[in-house]
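In what follows, a structure is listed as structure tokens, so that the remarks can point back to it.
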Amino acid sequence: MGEANVWVVVVNIVLATLLSLGGAPILVWMERRVAGLIQDRLGPNRCHIGGIRLFGLVQSVADMLKLVFKEDFHPRHVKQNLLYTLAPAIVFACAFLTFMVMPLADTLVLGDKSYIMQALPIEFGLLWFLAFAGLSVYGILLGGWASNNKYSLLGALRASAQVVSYEAAMTLSLVSMLIVYGTVHLSDIAAFQGKLLFGVLPAWGVVLQPLAAFIFIVTAFAETNRAPFDMAEGESEIVGGFHTEYSAMRFGLFFVGEYIAMCASSAIIITLFFGGYQIPWASTAFLKAHITEVLGVIMVLLPLLCWLFIGWMRRQNRWINPSDPRAKETAVLAKVFIGMTVVLELGLAALVFGGMGEDGVSISVAALQVLTFALKLYAMNFVYIWVRWTLPRFRYDHLQMLSWKVLLPLALANVVVTALVVVGMGW
Amino acid sequence: MVMKPTKQIKRHGSTWKEKLFLPALFKGLGITFGHFWDNITRSKRIKTLQYPEEQPADITPRYRGVHRLTQREDGSARCVACFMCATACPAECIFIVAKEREDGVDEKEPERFEIDLLECVFCGGCVEACPCDAIRMDTGIFSVVAESREAFVRTKETLLATPKGV
């Protein structure tokens, strides 16, 4: 256990926590704004701290505060107090632990030591994901049952039946991926996808196994209990489903847990099918060899992006009453963004012209890959939100029909075909 | 009697393409993304009113706002305290105390005329019922804020002083 070892582990844990737990308020905000914009509304944009609205992001902070200070109402008819309290914690912890095995960057080599860039550096990440993703439904089940309320119980029943049927198809679609990758270690899986297929296409899971990718994405939507598969909540027919009897921060844990679960499934989807941390057409070896050129390109692109973003902000981010502090927000934010760009440019310039050691190159490449991972993660989260605000909820029998009659046979056929191809062609 | 031919409704969802569900799914995703993109790049096309700063400009003359009592040329109330409005009111929110009118313009006038806005359902029944055009809902006031329940009771003086809005 050297000094660097501890720091790499700490950085990994902090990064994974930031991306999952720290991402929750951002996702809540994203969900509301994207929903608003899709439906030709504005979404939350008024809440501010000293005039700074951050496009409505402050609303999430206000909501969190509201949940914390709300009365923790405990209905008298709830008899199973322990389970009632435990349920949101289980959902939250499981979602959180699922995220912890996602590879954030390629194996980091410092000196003669190498570190797996996962918050939990374990080599059976895929099994870990399956275990905890399946376990999180226990939280919903316990919450629904302990609430001692028929709507909650119905929600819990729906959730359990749904997870049972979708887990089958999900695991089968994963089997075909395992045949292709030949490992359950998520870092190896992500590293595998850095290769090029026929020298042109990145060998991402979605290119190798489009059907498995499709089945997995559909079942992952069902696994996170999000629309169009949010039968467990079903607010139009069973009030709030499993969380009807929860209020204040107990509900908050369910709520945040749902977003972290969404983050975790996005992470596993991009790790398995969209190359994980890999930048397309730029493998780790390529990045290490051409790090100065890559950083140079970023140095050119960064001011351009900043300029485009500030232009967009000046056009869109306005306030009618000029005496309100919110009217000055755009000017303040523009200065902040310009300042941030200048600092980043100086840092990059120091790296490019000051030269980097062997370790410096490794760390820069890892940082680039973490950034790529975060970008892909949020792109996938956007897809989740986008789908939620496009599709209506499935009817319950349609949901089961889709799982058992469509996804499961397709996944089975895919396993057989994949196995035949892999064995037959000796890959 | 000749039966009209019933209209044949085409049943959807039976063709292979419709059962596949995916073309419709991607079409729907395309539509929502189109809206998202249009709105994020040109947010001015969104019709949302930034309410307290922007006030609605589409309040029509027939909009039923907060009530007012109309005045005669000499400034006194048109109301003759006939209780037609209070009788017509389904929410029973109008309270009238009548008294004899001494100046000879009319026989009666209200001593008190109060409308409890917390009970009012803004149906406009009082306006319809009034034989003297004494009560109207054309103030255009759509938002009433107060700090106590009592403050929501509009007295005769307030009602007379409220101007025509639209």
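Going through the structure tokens in order, the chains are called A, B, and so on, while each chain numbers its residues from 1 and the ligands are numbered from 1 in the order shown.
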
Val207 in chain A: which residues within 9 Å, counting only C-alpha atoms, same-chain residues fewer than 3 positions away excluded, as a short mmCIF file (atom, residue, chain, number, x, y, z; two decimals) with N, CA and C atoms, in the first residue's frame?
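File produced: part-v6.cif:
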data_model
loop_
_atom_site.label_atom_id
_atom_site.label_comp_id
_atom_site.auth_asym_id
_atom_site.auth_seq_id
_atom_site.Cartn_x
_atom_site.Cartn_y
_atom_site.Cartn_z
N LEU A 197 -13.22 -2.56 -35.33
CA LEU A 197 -13.78 -3.69 -36.08
C LEU A 197 -13.53 -3.43 -37.55
N LEU A 201 -14.94 0.56 -37.74
CA LEU A 201 -15.96 0.74 -36.72
C LEU A 201 -15.37 0.46 -35.35
N PRO A 202 -15.72 1.28 -34.34
CA PRO A 202 -15.30 0.91 -32.99
C PRO A 202 -16.04 -0.36 -32.56
N ALA A 203 -15.34 -1.28 -31.92
CA ALA A 203 -15.92 -2.58 -31.58
C ALA A 203 -16.79 -2.47 -30.34
N TRP A 204 -17.78 -1.57 -30.39
CA TRP A 204 -18.67 -1.40 -29.26
C TRP A 204 -19.69 -2.53 -29.24
N PRO A 210 -26.29 -5.88 -31.74
CA PRO A 210 -27.37 -4.88 -31.67
C PRO A 210 -28.63 -5.40 -30.99
N ALA A 213 -28.18 -5.51 -27.31
CA ALA A 213 -28.18 -4.13 -26.81
C ALA A 213 -29.61 -3.65 -26.66
N PHE A 273 -22.31 -1.59 -23.91
CA PHE A 273 -22.69 -1.46 -25.31
C PHE A 273 -22.15 -0.22 -26.01
N PHE A 274 -21.79 0.80 -25.26
CA PHE A 274 -21.35 2.03 -25.94
C PHE A 274 -19.91 2.38 -25.57
#

For the structure I just gave you, how does DSSP split range 13-138 of chain A - specifically, which residues are helix (DSSP H, G or I)? Reply as an MDAnalysis selection string. chainID A and resid 13:20 23:38 54:56 58:69 81:99 125:138

Distance query range 49-63 of chain B at most 9 Å, only C-alpha atoms, self and fewer than 5 positions along chain excluded, as a list in words: Trp319, Ile320 and Asn321 of chain A; Met137, Asp138, Thr139, Gly140, Gly165 and Val166 of chain B

Based on only C-alpha atoms, which of the residues in chain B come within 6 Å of chain A? I want them as a ChimeraX atom specification. /B:32,35-36,39,46

Those same residues, written as an mmCIF file, in the first residue's frame with C-alpha atoms?
data_model
loop_
_atom_site.group_PDB
_atom_site.id
_atom_site.type_symbol
_atom_site.label_atom_id
_atom_site.label_comp_id
_atom_site.auth_asym_id
_atom_site.auth_seq_id
_atom_site.Cartn_x
_atom_site.Cartn_y
_atom_site.Cartn_z
ATOM 1 C CA THR B 32 -40.465 14.826 -28.899
ATOM 2 C CA HIS B 35 -39.910 19.869 -29.819
ATOM 3 C CA PHE B 36 -37.027 19.704 -27.345
ATOM 4 C CA ASN B 39 -37.490 24.914 -27.607
ATOM 5 C CA ILE B 46 -42.713 28.819 -25.773
#

If you run DSSP on the backbone, which residues of range 116-285 of chain A are strand (DSSP E or B), as a PDB file with C-alpha atoms, in the first residue's frame?
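Okay, part-v9.pdb is ready:
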ATOM      1  CA  LEU A 196     -11.573  -1.376 -34.056  1.00  0.00           C
ATOM      2  CA  LEU A 197     -13.777  -3.691 -36.075  1.00  0.00           C
ATOM      3  CA  LEU A 201     -15.961   0.738 -36.716  1.00  0.00           C
ATOM      4  CA  PRO A 202     -15.302   0.908 -32.992  1.00  0.00           C
ATOM      5  CA  ILE A 279     -13.284   7.647 -26.899  1.00  0.00           C
ATOM      6  CA  ALA A 282      -8.888   6.725 -29.875  1.00  0.00           C
TER       7      ALA A 282
END

With a distance cut-off of 12 Å and only C-alpha atoms, select the neighbouring residues of range 143-160 of chain B, excluding the residue or stretch itself and same-chain residues fewer than 2 positions from it, and output the selection as a ChimeraX atom specification. /B:51-52,55-56,64-72,75-79,81,93-98,109-120,134-141,162-164

Could the residues in this selection be written to a file with N, CA and C atoms, as a compact mmCIF listing (two decimals), in the first residue's frame?
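To be explicit, this is the file written out as again_27.txt:
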# COMPACT_ATOMS: atom_id res chain seq x y z
N TYR B 51 -45.31 34.69 -15.06
CA TYR B 51 -46.50 35.32 -14.53
C TYR B 51 -46.36 36.62 -13.74
N PRO B 52 -45.76 36.69 -12.58
CA PRO B 52 -45.93 37.99 -11.90
C PRO B 52 -45.34 39.15 -12.70
N GLN B 55 -48.15 40.01 -17.25
CA GLN B 55 -49.56 39.81 -16.91
C GLN B 55 -50.29 39.32 -18.15
N PRO B 56 -51.32 38.52 -17.98
CA PRO B 56 -52.05 38.03 -19.16
C PRO B 56 -52.68 39.18 -19.92
N ARG B 64 -65.17 36.65 -16.34
CA ARG B 64 -65.82 36.89 -15.05
C ARG B 64 -64.76 37.10 -13.97
N GLY B 65 -64.44 38.35 -13.72
CA GLY B 65 -63.48 38.68 -12.68
C GLY B 65 -64.19 38.98 -11.37
N VAL B 66 -63.49 39.74 -10.51
CA VAL B 66 -64.09 40.13 -9.24
C VAL B 66 -65.22 41.13 -9.51
N HIS B 67 -66.26 41.08 -8.69
CA HIS B 67 -67.46 41.89 -8.92
C HIS B 67 -67.21 43.37 -8.65
N ARG B 68 -68.09 44.21 -9.19
CA ARG B 68 -68.13 45.62 -8.79
C ARG B 68 -69.59 46.05 -8.82
N LEU B 69 -69.89 47.12 -8.08
CA LEU B 69 -71.23 47.69 -8.13
C LEU B 69 -71.19 48.92 -9.00
N THR B 70 -72.12 49.02 -9.95
CA THR B 70 -72.09 50.17 -10.85
C THR B 70 -72.74 51.38 -10.16
N GLN B 71 -72.43 52.55 -10.71
CA GLN B 71 -72.91 53.79 -10.09
C GLN B 71 -73.86 54.53 -11.02
N ARG B 72 -74.72 55.32 -10.43
CA ARG B 72 -75.53 56.23 -11.24
C ARG B 72 -74.70 57.44 -11.60
N GLY B 75 -73.20 59.25 -8.71
CA GLY B 75 -72.21 58.54 -7.90
C GLY B 75 -72.79 57.59 -6.88
N SER B 76 -74.11 57.55 -6.75
CA SER B 76 -74.68 56.61 -5.79
C SER B 76 -74.87 55.25 -6.46
N ALA B 77 -75.12 54.24 -5.64
CA ALA B 77 -75.19 52.88 -6.18
C ALA B 77 -76.46 52.70 -6.99
N ARG B 78 -76.34 51.95 -8.11
CA ARG B 78 -77.50 51.61 -8.90
C ARG B 78 -78.39 50.60 -8.17
N CYS B 79 -77.78 49.87 -7.28
CA CYS B 79 -78.45 48.77 -6.60
C CYS B 79 -79.70 49.28 -5.85
N ALA B 81 -81.36 47.06 -3.82
CA ALA B 81 -81.49 46.08 -2.74
C ALA B 81 -82.72 45.19 -2.92
N CYS B 93 -73.17 33.75 -1.14
CA CYS B 93 -72.05 34.54 -0.65
C CYS B 93 -72.36 36.03 -0.64
N ILE B 94 -73.59 36.42 -1.01
CA ILE B 94 -73.94 37.85 -1.04
C ILE B 94 -74.82 38.17 0.17
N PHE B 95 -74.40 39.16 0.93
CA PHE B 95 -75.16 39.56 2.13
C PHE B 95 -75.62 41.00 1.92
N ILE B 96 -76.93 41.21 1.98
CA ILE B 96 -77.48 42.56 1.75
C ILE B 96 -78.34 42.96 2.94
N VAL B 97 -78.14 44.20 3.37
CA VAL B 97 -79.07 44.79 4.34
C VAL B 97 -79.67 46.00 3.64
N ALA B 98 -80.99 46.02 3.47
CA ALA B 98 -81.64 47.10 2.71
C ALA B 98 -82.09 48.22 3.64
N GLU B 109 -82.26 51.26 -1.14
CA GLU B 109 -80.85 51.11 -1.47
C GLU B 109 -80.21 50.20 -0.42
N PRO B 110 -79.06 49.57 -0.73
CA PRO B 110 -78.46 48.69 0.26
C PRO B 110 -77.74 49.50 1.33
N GLU B 111 -77.93 49.09 2.57
CA GLU B 111 -77.12 49.70 3.63
C GLU B 111 -75.78 48.99 3.68
N ARG B 112 -75.87 47.65 3.63
CA ARG B 112 -74.65 46.86 3.51
C ARG B 112 -74.80 45.98 2.28
N PHE B 113 -73.71 45.80 1.54
CA PHE B 113 -73.72 44.89 0.41
C PHE B 113 -72.36 44.22 0.41
N GLU B 114 -72.32 42.95 0.83
CA GLU B 114 -71.03 42.30 0.98
C GLU B 114 -70.97 41.01 0.17
N ILE B 115 -69.84 40.79 -0.45
CA ILE B 115 -69.62 39.53 -1.18
C ILE B 115 -68.41 38.84 -0.57
N ASP B 116 -68.60 37.62 -0.11
CA ASP B 116 -67.48 36.84 0.44
C ASP B 116 -66.80 36.11 -0.71
N LEU B 117 -65.64 36.61 -1.11
CA LEU B 117 -64.97 36.02 -2.29
C LEU B 117 -64.49 34.60 -2.02
N LEU B 118 -64.33 34.24 -0.75
CA LEU B 118 -63.88 32.87 -0.47
C LEU B 118 -65.00 31.87 -0.74
N GLU B 119 -66.26 32.35 -0.68
CA GLU B 119 -67.36 31.43 -0.96
C GLU B 119 -67.82 31.51 -2.40
N CYS B 120 -67.59 32.67 -3.02
CA CYS B 120 -68.06 32.90 -4.39
C CYS B 120 -67.48 31.86 -5.34
N ALA B 134 -76.82 46.59 -11.84
CA ALA B 134 -76.10 47.20 -10.73
C ALA B 134 -74.85 46.44 -10.36
N ILE B 135 -74.81 45.14 -10.66
CA ILE B 135 -73.62 44.36 -10.32
C ILE B 135 -73.03 43.80 -11.61
N ARG B 136 -71.72 43.92 -11.76
CA ARG B 136 -71.04 43.42 -12.95
C ARG B 136 -69.76 42.71 -12.53
N MET B 137 -69.27 41.85 -13.44
CA MET B 137 -68.00 41.16 -13.14
C MET B 137 -66.95 41.53 -14.18
N ASP B 138 -66.98 42.79 -14.64
CA ASP B 138 -66.09 43.18 -15.74
C ASP B 138 -64.85 43.92 -15.26
N THR B 139 -64.40 43.64 -14.03
CA THR B 139 -63.22 44.33 -13.54
C THR B 139 -61.92 43.77 -14.10
N GLY B 140 -61.97 42.52 -14.57
CA GLY B 140 -60.75 41.90 -15.08
C GLY B 140 -59.79 41.47 -14.00
N ILE B 141 -60.20 41.59 -12.73
CA ILE B 141 -59.32 41.17 -11.63
C ILE B 141 -59.45 39.66 -11.47
N THR B 162 -64.42 49.84 -7.07
CA THR B 162 -63.67 49.05 -8.04
C THR B 162 -64.02 49.50 -9.46
N PRO B 163 -63.03 49.89 -10.26
CA PRO B 163 -63.35 50.39 -11.59
C PRO B 163 -63.59 49.27 -12.60
N LYS B 164 -64.16 49.64 -13.73
CA LYS B 164 -64.33 48.70 -14.85
C LYS B 164 -62.94 48.39 -15.40

Near Glu233 in chain A, within 9 Å and counting only C-alpha atoms, which residues show up once chain neighbours fewer than 3 positions away are dropped, as a list in words?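 Contacts, with the query itself left out: Ser152, Gly155, Ala156, Ala159, Asn225, Arg226, Asp230, Ser236, Glu237, Ile238, Val239, Gly240, Gly241, Phe242, His243 and Thr244 of chain A.
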
Please produce a file of those selected residues containing N, CA and C atoms, as a compact mmCIF listing (two decimals), in the first residue's frame.
# COMPACT_ATOMS: atom_id res chain seq x y z
N SER A 152 -50.28 0.40 -1.98
CA SER A 152 -48.84 0.16 -1.87
C SER A 152 -48.53 -1.30 -2.18
N GLY A 155 -48.68 -1.94 -5.82
CA GLY A 155 -47.48 -1.43 -6.47
C GLY A 155 -46.31 -2.37 -6.27
N ALA A 156 -46.15 -2.85 -5.04
CA ALA A 156 -45.05 -3.76 -4.73
C ALA A 156 -45.18 -5.05 -5.53
N ALA A 159 -44.24 -4.47 -9.07
CA ALA A 159 -42.79 -4.31 -9.21
C ALA A 159 -42.11 -5.66 -9.19
N ASN A 225 -37.68 0.68 -12.99
CA ASN A 225 -39.05 1.12 -12.72
C ASN A 225 -39.33 2.50 -13.26
N ARG A 226 -38.83 2.77 -14.45
CA ARG A 226 -39.12 4.08 -15.05
C ARG A 226 -40.05 3.90 -16.23
N ASP A 230 -43.19 2.04 -15.49
CA ASP A 230 -43.28 2.42 -14.08
C ASP A 230 -44.61 1.96 -13.47
N SER A 236 -51.63 7.07 -11.82
CA SER A 236 -52.99 7.29 -12.30
C SER A 236 -53.94 6.20 -11.81
N GLU A 237 -53.42 5.04 -11.44
CA GLU A 237 -54.34 4.01 -10.97
C GLU A 237 -54.13 3.57 -9.52
N ILE A 238 -52.90 3.59 -9.01
CA ILE A 238 -52.70 3.15 -7.63
C ILE A 238 -52.01 4.22 -6.79
N VAL A 239 -52.50 5.46 -6.90
CA VAL A 239 -52.03 6.60 -6.13
C VAL A 239 -50.52 6.81 -6.34
N GLY A 240 -49.68 6.28 -5.49
CA GLY A 240 -48.24 6.43 -5.71
C GLY A 240 -47.55 5.09 -5.65
N GLY A 241 -48.35 4.00 -5.62
CA GLY A 241 -47.74 2.69 -5.52
C GLY A 241 -47.01 2.52 -4.22
N PHE A 242 -45.82 1.94 -4.30
CA PHE A 242 -45.11 1.55 -3.08
C PHE A 242 -44.78 2.72 -2.17
N HIS A 243 -44.65 3.95 -2.69
CA HIS A 243 -44.25 5.04 -1.80
C HIS A 243 -45.42 5.94 -1.41
N THR A 244 -46.64 5.41 -1.49
CA THR A 244 -47.80 6.22 -1.10
C THR A 244 -47.70 6.72 0.33

Separation of CA of Leu287 in chain A and CA of Leu108 in chain A, in Å?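 These two atoms are separated by 13.1 Å.
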
Non-local contacts of range 370-372 of chain A (6 Å; only C-alpha atoms; under 6 positions in same chain excluded) as a PyMOL selection string: chain A and resi 104-105+277

Which residues come within 9 Å of Ile269 in chain A, counting only C-alpha atoms, excluding same-chain residues fewer than 4 positions away, as a count of residues only? 11
